[in-house]
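Printed here is final_28.pdb (PDB, C-alpha atoms and all ligand atoms):
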ATOM      1  CA  MET A  29      32.389 -11.911  10.167
ATOM      2  CA  ILE A  30      30.880  -8.742  11.533
ATOM      3  CA  ARG A  31      29.783  -7.784   8.049
ATOM      4  CA  GLY A  32      28.037 -11.133   7.645
ATOM      5  CA  VAL A  33      26.160 -10.660  10.898
ATOM      6  CA  LEU A  34      25.085  -7.156   9.891
ATOM      7  CA  LEU A  35      23.867  -8.473   6.550
ATOM      8  CA  LEU A  36      21.806 -11.158   8.282
ATOM      9  CA  LEU A  37      20.286  -8.545  10.580
ATOM     10  CA  ALA A  38      19.416  -6.303   7.643
ATOM     11  CA  LEU A  39      17.860  -9.008   5.485
ATOM     12  CA  PRO A  40      14.487  -9.492   7.197
ATOM     13  CA  GLY A  41      13.740  -5.752   6.997
ATOM     14  CA  LEU A  42      14.741  -5.673   3.373
ATOM     15  CA  ALA A  43      12.621  -8.706   2.547
ATOM     16  CA  LEU A  44       9.630  -7.111   4.272
ATOM     17  CA  ALA A  45       9.946  -3.897   2.266
ATOM     18  CA  GLN A  46      10.182  -5.932  -0.942
ATOM     19  CA  GLN A  47       7.137  -7.925   0.044
ATOM     20  CA  GLY A  48       5.438  -4.614   0.782
ATOM     21  CA  GLN A  49       6.219  -3.384  -2.689
ATOM     22  CA  ALA A  50       4.512  -6.460  -4.138
ATOM     23  CA  VAL A  51       1.452  -5.893  -1.960
ATOM     24  CA  PHE A  52       1.438  -2.248  -3.006
ATOM     25  CA  VAL A  53       1.580  -3.111  -6.699
ATOM     26  CA  ASN A  54      -1.311  -5.560  -6.298
ATOM     27  CA  HIS A  55      -3.589  -3.546  -4.017
ATOM     28  CA  CYS A  56      -2.695   0.129  -4.160
ATOM     29  CA  ALA A  57      -0.844   1.110  -7.326
ATOM     30  CA  SER A  58      -4.034   1.268  -9.387
ATOM     31  CA  CYS A  59      -4.936   4.409  -7.407
ATOM     32  CA  HIS A  60      -1.634   5.717  -5.960
ATOM     33  CA  ALA A  61       1.650   6.830  -7.516
ATOM     34  CA  VAL A  62       4.802   6.622  -5.357
ATOM     35  CA  GLU A  63       7.322   8.455  -7.556
ATOM     36  CA  ARG A  64       7.780  12.025  -6.414
ATOM     37  CA  GLY A  65       6.149  14.421  -8.872
ATOM     38  CA  ALA A  66       4.166  11.680 -10.628
ATOM     39  CA  PRO A  67       0.615  12.777 -11.392
ATOM     40  CA  GLU A  68      -2.186  12.008  -8.969
ATOM     41  CA  GLN A  69      -4.370   9.089  -9.942
ATOM     42  CA  ALA A  70      -7.699   8.282  -8.298
ATOM     43  CA  GLY A  71      -5.818   8.756  -5.006
ATOM     44  CA  PRO A  72      -3.032  11.112  -3.820
ATOM     45  CA  ASN A  73       0.681  10.607  -4.568
ATOM     46  CA  LEU A  74       2.218   8.698  -1.628
ATOM     47  CA  ALA A  75       5.908   9.660  -2.069
ATOM     48  CA  GLY A  76       7.092  10.737   1.391
ATOM     49  CA  VAL A  77       3.698  10.037   2.958
ATOM     50  CA  MET A  78       5.192   8.845   6.259
ATOM     51  CA  GLY A  79       5.502  11.942   8.450
ATOM     52  CA  ARG A  80       3.444  14.023   6.034
ATOM     53  CA  ARG A  81       0.276  15.777   7.160
ATOM     54  CA  ILE A  82      -2.835  13.656   6.639
ATOM     55  CA  GLY A  83      -4.464  15.007   3.496
ATOM     56  CA  GLY A  84      -1.164  16.735   2.691
ATOM     57  CA  ASP A  85      -0.600  16.244  -1.054
ATOM     58  CA  PRO A  86      -1.200  19.813  -2.309
ATOM     59  CA  ALA A  87      -2.114  18.571  -5.792
ATOM     60  CA  PHE A  88      -4.924  16.302  -4.567
ATOM     61  CA  GLY A  89      -8.474  17.303  -3.629
ATOM     62  CA  TYR A  90      -9.276  15.288  -0.484
ATOM     63  CA  SER A  91     -12.557  14.438   1.186
ATOM     64  CA  PRO A  92     -13.488  16.665   4.145
ATOM     65  CA  ALA A  93     -12.739  13.666   6.389
ATOM     66  CA  LEU A  94      -9.036  13.707   5.500
ATOM     67  CA  GLU A  95      -8.811  17.499   5.052
ATOM     68  CA  GLN A  96      -9.860  17.952   8.656
ATOM     69  CA  ALA A  97      -7.804  15.154  10.214
ATOM     70  CA  GLY A  98      -5.182  17.600  11.526
ATOM     71  CA  ALA A  99      -2.371  15.115  12.232
ATOM     72  CA  ALA A 100       0.559  13.522  10.408
ATOM     73  CA  TRP A 101       0.933   9.972   9.184
ATOM     74  CA  ASP A 102       3.001   7.692  11.387
ATOM     75  CA  ARG A 103       3.245   3.924  11.347
ATOM     76  CA  ASP A 104       0.437   3.333  13.856
ATOM     77  CA  ARG A 105      -1.985   5.633  12.083
ATOM     78  CA  LEU A 106      -1.178   4.076   8.728
ATOM     79  CA  LEU A 107      -1.702   0.540  10.066
ATOM     80  CA  ARG A 108      -5.047   1.577  11.534
ATOM     81  CA  PHE A 109      -6.141   3.312   8.324
ATOM     82  CA  LEU A 110      -5.236   0.321   6.178
ATOM     83  CA  ALA A 111      -7.135  -2.042   8.481
ATOM     84  CA  ASP A 112     -10.357  -0.044   8.070
ATOM     85  CA  PRO A 113     -10.200   3.378   6.372
ATOM     86  CA  GLU A 114     -13.877   4.095   6.935
ATOM     87  CA  GLU A 115     -13.727   3.302  10.647
ATOM     88  CA  MET A 116     -10.807   5.711  11.154
ATOM     89  CA  PHE A 117     -12.127   8.500   8.926
ATOM     90  CA  PRO A 118     -15.876   8.129   8.334
ATOM     91  CA  GLY A 119     -16.676   9.490   4.886
ATOM     92  CA  THR A 120     -13.197   8.949   3.404
ATOM     93  CA  TRP A 121     -13.097   8.378  -0.305
ATOM     94  CA  MET A 122     -10.705   5.480   0.017
ATOM     95  CA  GLY A 123     -13.745   3.388   0.807
ATOM     96  CA  ALA A 124     -13.316  -0.324   1.334
ATOM     97  CA  ASN A 125      -9.769  -0.601  -0.042
ATOM     98  CA  SER A 126      -8.350  -2.058   3.148
ATOM     99  CA  LEU A 127      -5.797  -4.796   3.768
ATOM    100  CA  PRO A 128      -7.418  -7.418   6.016
ATOM    101  CA  GLN A 129      -4.123  -9.224   6.744
ATOM    102  CA  ALA A 130      -1.895  -7.684   9.426
ATOM    103  CA  ALA A 131       1.260  -9.044   7.763
ATOM    104  CA  GLU A 132       0.376  -7.259   4.533
ATOM    105  CA  ARG A 133      -0.335  -4.012   6.384
ATOM    106  CA  ALA A 134       3.042  -4.202   8.132
ATOM    107  CA  ALA A 135       4.846  -4.928   4.865
ATOM    108  CA  VAL A 136       3.160  -2.022   3.061
ATOM    109  CA  ALA A 137       3.935   0.317   5.973
ATOM    110  CA  ASP A 138       7.618  -0.651   5.672
ATOM    111  CA  TYR A 139       7.498  -0.087   1.962
ATOM    112  CA  LEU A 140       5.843   3.339   2.280
ATOM    113  CA  GLN A 141       8.466   4.300   4.857
ATOM    114  CA  SER A 142      11.046   3.662   2.147
ATOM    115  CA  VAL A 143       9.447   5.790  -0.610
ATOM    116  CA  ARG A 144      10.689   9.281   0.095
TER
HETATM  117  C1  LIG B   1      -9.769   2.538  -5.589
HETATM  118  C2  LIG B   1      -8.713   3.487  -5.333
HETATM  119  C3  LIG B   1      -7.799   3.280  -4.132
HETATM  120  C4  LIG B   1      -7.110   2.138  -3.767
HETATM  121  C5  LIG B   1      -7.127   0.773  -4.419
HETATM  122  C6  LIG B   1      -6.317   2.531  -2.613
HETATM  123  N1  LIG B   1      -6.523   3.837  -2.299
HETATM  124 FE1  LIG B   1      -5.562   4.907  -0.861
HETATM  125  N2  LIG B   1      -6.717   6.508  -1.268
HETATM  126  C7  LIG B   1      -7.635   6.591  -2.284
HETATM  127  C8  LIG B   1      -8.303   7.878  -2.246
HETATM  128  C9  LIG B   1      -9.402   8.372  -3.185
HETATM  129  C10 LIG B   1      -7.729   8.569  -1.151
HETATM  130  C11 LIG B   1      -8.131   9.956  -0.635
HETATM  131  C12 LIG B   1      -9.200   9.692   0.425
HETATM  132  C13 LIG B   1      -9.953  10.926   0.875
HETATM  133  O1  LIG B   1      -9.711  12.045   0.412
HETATM  134  O2  LIG B   1     -10.818  10.708   1.747
HETATM  135  C14 LIG B   1      -6.729   7.683  -0.566
HETATM  136  C15 LIG B   1      -5.934   8.023   0.514
HETATM  137  C16 LIG B   1      -4.893   7.252   0.985
HETATM  138  C17 LIG B   1      -3.947   7.657   2.005
HETATM  139  C18 LIG B   1      -3.898   9.009   2.699
HETATM  140  C19 LIG B   1      -2.887   9.863   1.956
HETATM  141  C20 LIG B   1      -2.721  11.277   2.427
HETATM  142  O3  LIG B   1      -2.119  12.054   1.691
HETATM  143  O4  LIG B   1      -3.182  11.639   3.522
HETATM  144  C21 LIG B   1      -3.079   6.628   2.182
HETATM  145  C22 LIG B   1      -1.911   6.573   3.150
HETATM  146  C23 LIG B   1      -3.497   5.575   1.290
HETATM  147  N3  LIG B   1      -4.592   5.969   0.570
HETATM  148  C24 LIG B   1      -2.848   4.345   1.184
HETATM  149  C25 LIG B   1      -3.316   3.305   0.389
HETATM  150  C26 LIG B   1      -2.709   1.990   0.374
HETATM  151  C27 LIG B   1      -1.462   1.591   1.152
HETATM  152  C28 LIG B   1      -3.456   1.224  -0.477
HETATM  153  C29 LIG B   1      -3.296  -0.233  -0.799
HETATM  154  C30 LIG B   1      -3.479  -1.126   0.312
HETATM  155  C31 LIG B   1      -4.508   2.070  -1.011
HETATM  156  N4  LIG B   1      -4.390   3.325  -0.463
HETATM  157  C32 LIG B   1      -5.475   1.670  -1.947
HETATM  158  C33 LIG B   1      -7.906   5.631  -3.230
HETATM  159  C34 LIG B   1      -7.427   4.329  -3.201
END
Show this structure as structure tokens.
Amino acid sequence: MIRGVLLLLALPGLALAQQGQAVFVNHCASCHAVERGAPEQAGPNLAGVMGRRIGGDPAFGYSPALEQAGAAWDRDRLLRFLADPEEMFPGTWMGANSLPQAAERAAVADYLQSVR
């Protein structure tokens, strides 16, 4: 009984991360790898990005905008960045690759939290 309740509580989070993976594959994977050690593509590798310094993939050459950000990624910052990268960091090279839908941003944030 208790196990069943715990499973039910865990399911929505799991579903969201899975949905986030789908959004990631459709909107982000063309430029970002998420497997640790995978080569950089047009954008930096995002394995372990949550909690990492902004502009913190040592193998990637960032724009000055991200180089100089001087903070670490957390959920709020990521949600803001994905809503409008250029508004948060004028001059970023991620350009207009935003996610207009809040539900998609939340799902991707959950997914990125899970790729360590
Ligand atoms: C057309 C290529 C492209 C697409 C599509 C793209 N990005 Fe990016 N992304 C970049 C580039 C280039 C940078 C580096 C920006 C800079 O240096 O200013 C970046 C940077 C980032 C960063 C900062 C990483 C760090 O190490 O500080 C995050 C987080 C990020 N992207 C997430 C995403 C997500 C999530 C998506 C999908 C919704 C996405 N990106 C779609 C090219 C892309």
Can you measure CA of Leu107 in chain A to CA of Pro92 in chain A for me? One decimal in Å is fine. 20.8 Å
Any idea what's packed within 12 Å of Arg105 in chain A, counting all atoms listed in the file, ignoring anything in its chain fewer than 3 positions away? Could you give it as a list of chain:residue names?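 Listing them by chain and then by number gives A:Val77, A:Met78, A:Gly79, A:Arg80, A:Arg81, A:Ile82, A:Ala97, A:Ala99, A:Ala100, A:Trp101, A:Asp102, A:Arg108, A:Phe109, A:Leu110, A:Ala111, A:Asp112, A:Pro113, A:Met116, A:Phe117, A:Arg133, A:Ala134, A:Ala137.
The protein and nucleic acid residues lying at most 9 Å from Ala93 in chain A are Gly83, Ala97, Phe117, Pro118, Gly119, Thr120 and Trp121 of chain A, with all atoms listed in the file considered and sequence neighbours fewer than 4 positions away removed.
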Let me see the file: selected residues, C-alpha atoms, as a PDB file, in the frame of the given file.
ATOM      1  CA  GLY A  83      -4.464  15.007   3.496  1.00  0.00           C
ATOM      2  CA  ALA A  97      -7.804  15.154  10.214  1.00  0.00           C
ATOM      3  CA  PHE A 117     -12.127   8.500   8.926  1.00  0.00           C
ATOM      4  CA  PRO A 118     -15.876   8.129   8.334  1.00  0.00           C
ATOM      5  CA  GLY A 119     -16.676   9.490   4.886  1.00  0.00           C
ATOM      6  CA  THR A 120     -13.197   8.949   3.404  1.00  0.00           C
ATOM      7  CA  TRP A 121     -13.097   8.378  -0.305  1.00  0.00           C
TER       8      TRP A 121
END
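Between ligand LIG 1 (chain B) and the residues A:Ala61, A:Ala66, A:Ala75, A:Cys56, the shortest atom-to-atom distance, using only C-alpha atoms and all ligand atoms, involves A:Cys56.
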Throw together the list of residues within 6 Å of ligand LIG 1 (chain B), counting all atoms listed in the file, and drop it here as a PDB file with C-alpha atoms, keeping the file's coordinate frame.
ATOM      1  CA  PHE A  52       1.438  -2.248  -3.006  1.00  0.00           C
ATOM      2  CA  HIS A  55      -3.589  -3.546  -4.017  1.00  0.00           C
ATOM      3  CA  CYS A  56      -2.695   0.129  -4.160  1.00  0.00           C
ATOM      4  CA  SER A  58      -4.034   1.268  -9.387  1.00  0.00           C
ATOM      5  CA  CYS A  59      -4.936   4.409  -7.407  1.00  0.00           C
ATOM      6  CA  ALA A  70      -7.699   8.282  -8.298  1.00  0.00           C
ATOM      7  CA  GLY A  71      -5.818   8.756  -5.006  1.00  0.00           C
ATOM      8  CA  PRO A  72      -3.032  11.112  -3.820  1.00  0.00           C
ATOM      9  CA  ILE A  82      -2.835  13.656   6.639  1.00  0.00           C
ATOM     10  CA  GLY A  83      -4.464  15.007   3.496  1.00  0.00           C
ATOM     11  CA  GLY A  84      -1.164  16.735   2.691  1.00  0.00           C
ATOM     12  CA  ASP A  85      -0.600  16.244  -1.054  1.00  0.00           C
ATOM     13  CA  TYR A  90      -9.276  15.288  -0.484  1.00  0.00           C
ATOM     14  CA  SER A  91     -12.557  14.438   1.186  1.00  0.00           C
ATOM     15  CA  ALA A  93     -12.739  13.666   6.389  1.00  0.00           C
ATOM     16  CA  LEU A  94      -9.036  13.707   5.500  1.00  0.00           C
ATOM     17  CA  THR A 120     -13.197   8.949   3.404  1.00  0.00           C
ATOM     18  CA  TRP A 121     -13.097   8.378  -0.305  1.00  0.00           C
ATOM     19  CA  MET A 122     -10.705   5.480   0.017  1.00  0.00           C
ATOM     20  CA  ASN A 125      -9.769  -0.601  -0.042  1.00  0.00           C
ATOM     21  CA  SER A 126      -8.350  -2.058   3.148  1.00  0.00           C
ATOM     22  CA  LEU A 127      -5.797  -4.796   3.768  1.00  0.00           C
TER      23      LEU A 127
END
Counting all atoms listed in the file, what is within 12 Å of Gln47 in chain A, bar same-chain residues fewer than 4 positions away, as a ChimeraX atom specification? /A:40-43,51-54,131-140
For the provided coordinates, the residues matched by the PyMOL selection byres (((chain A and resi 64) around 10) and not hetatm) should be stated as a PDB file with C-alpha atoms, in the frame of the given file.
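Saved result, result-v8.pdb, follows:
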ATOM      1  CA  ALA A  61       1.650   6.830  -7.516  1.00  0.00           C
ATOM      2  CA  VAL A  62       4.802   6.622  -5.357  1.00  0.00           C
ATOM      3  CA  GLU A  63       7.322   8.455  -7.556  1.00  0.00           C
ATOM      4  CA  GLY A  65       6.149  14.421  -8.872  1.00  0.00           C
ATOM      5  CA  ALA A  66       4.166  11.680 -10.628  1.00  0.00           C
ATOM      6  CA  PRO A  67       0.615  12.777 -11.392  1.00  0.00           C
ATOM      7  CA  ASN A  73       0.681  10.607  -4.568  1.00  0.00           C
ATOM      8  CA  LEU A  74       2.218   8.698  -1.628  1.00  0.00           C
ATOM      9  CA  ALA A  75       5.908   9.660  -2.069  1.00  0.00           C
ATOM     10  CA  GLY A  76       7.092  10.737   1.391  1.00  0.00           C
ATOM     11  CA  VAL A 143       9.447   5.790  -0.610  1.00  0.00           C
ATOM     12  CA  ARG A 144      10.689   9.281   0.095  1.00  0.00           C
TER      13      ARG A 144
END
Extending 4 Å beyond the listed atoms of range 68-78 of chain A on each side, what axis-aligned box results? I want centre and edge lengths in Å to one decimal, as AutoDock Vina command-line options.
--center_x -0.3 --center_y 10.1 --center_z -1.8 --size_x 22.8 --size_y 11.7 --size_z 24.2
Just to confirm, what's the straight-line distance from CA of Phe88 in chain A to CA of His60 in chain A in Å (one decimal)? 11.2 Å
Quote the spacing between CA of Gln129 in chain A and CA of Asp104 in chain A in Å to one decimal place.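 Distance reported for this atom pair: 15.1 Å.
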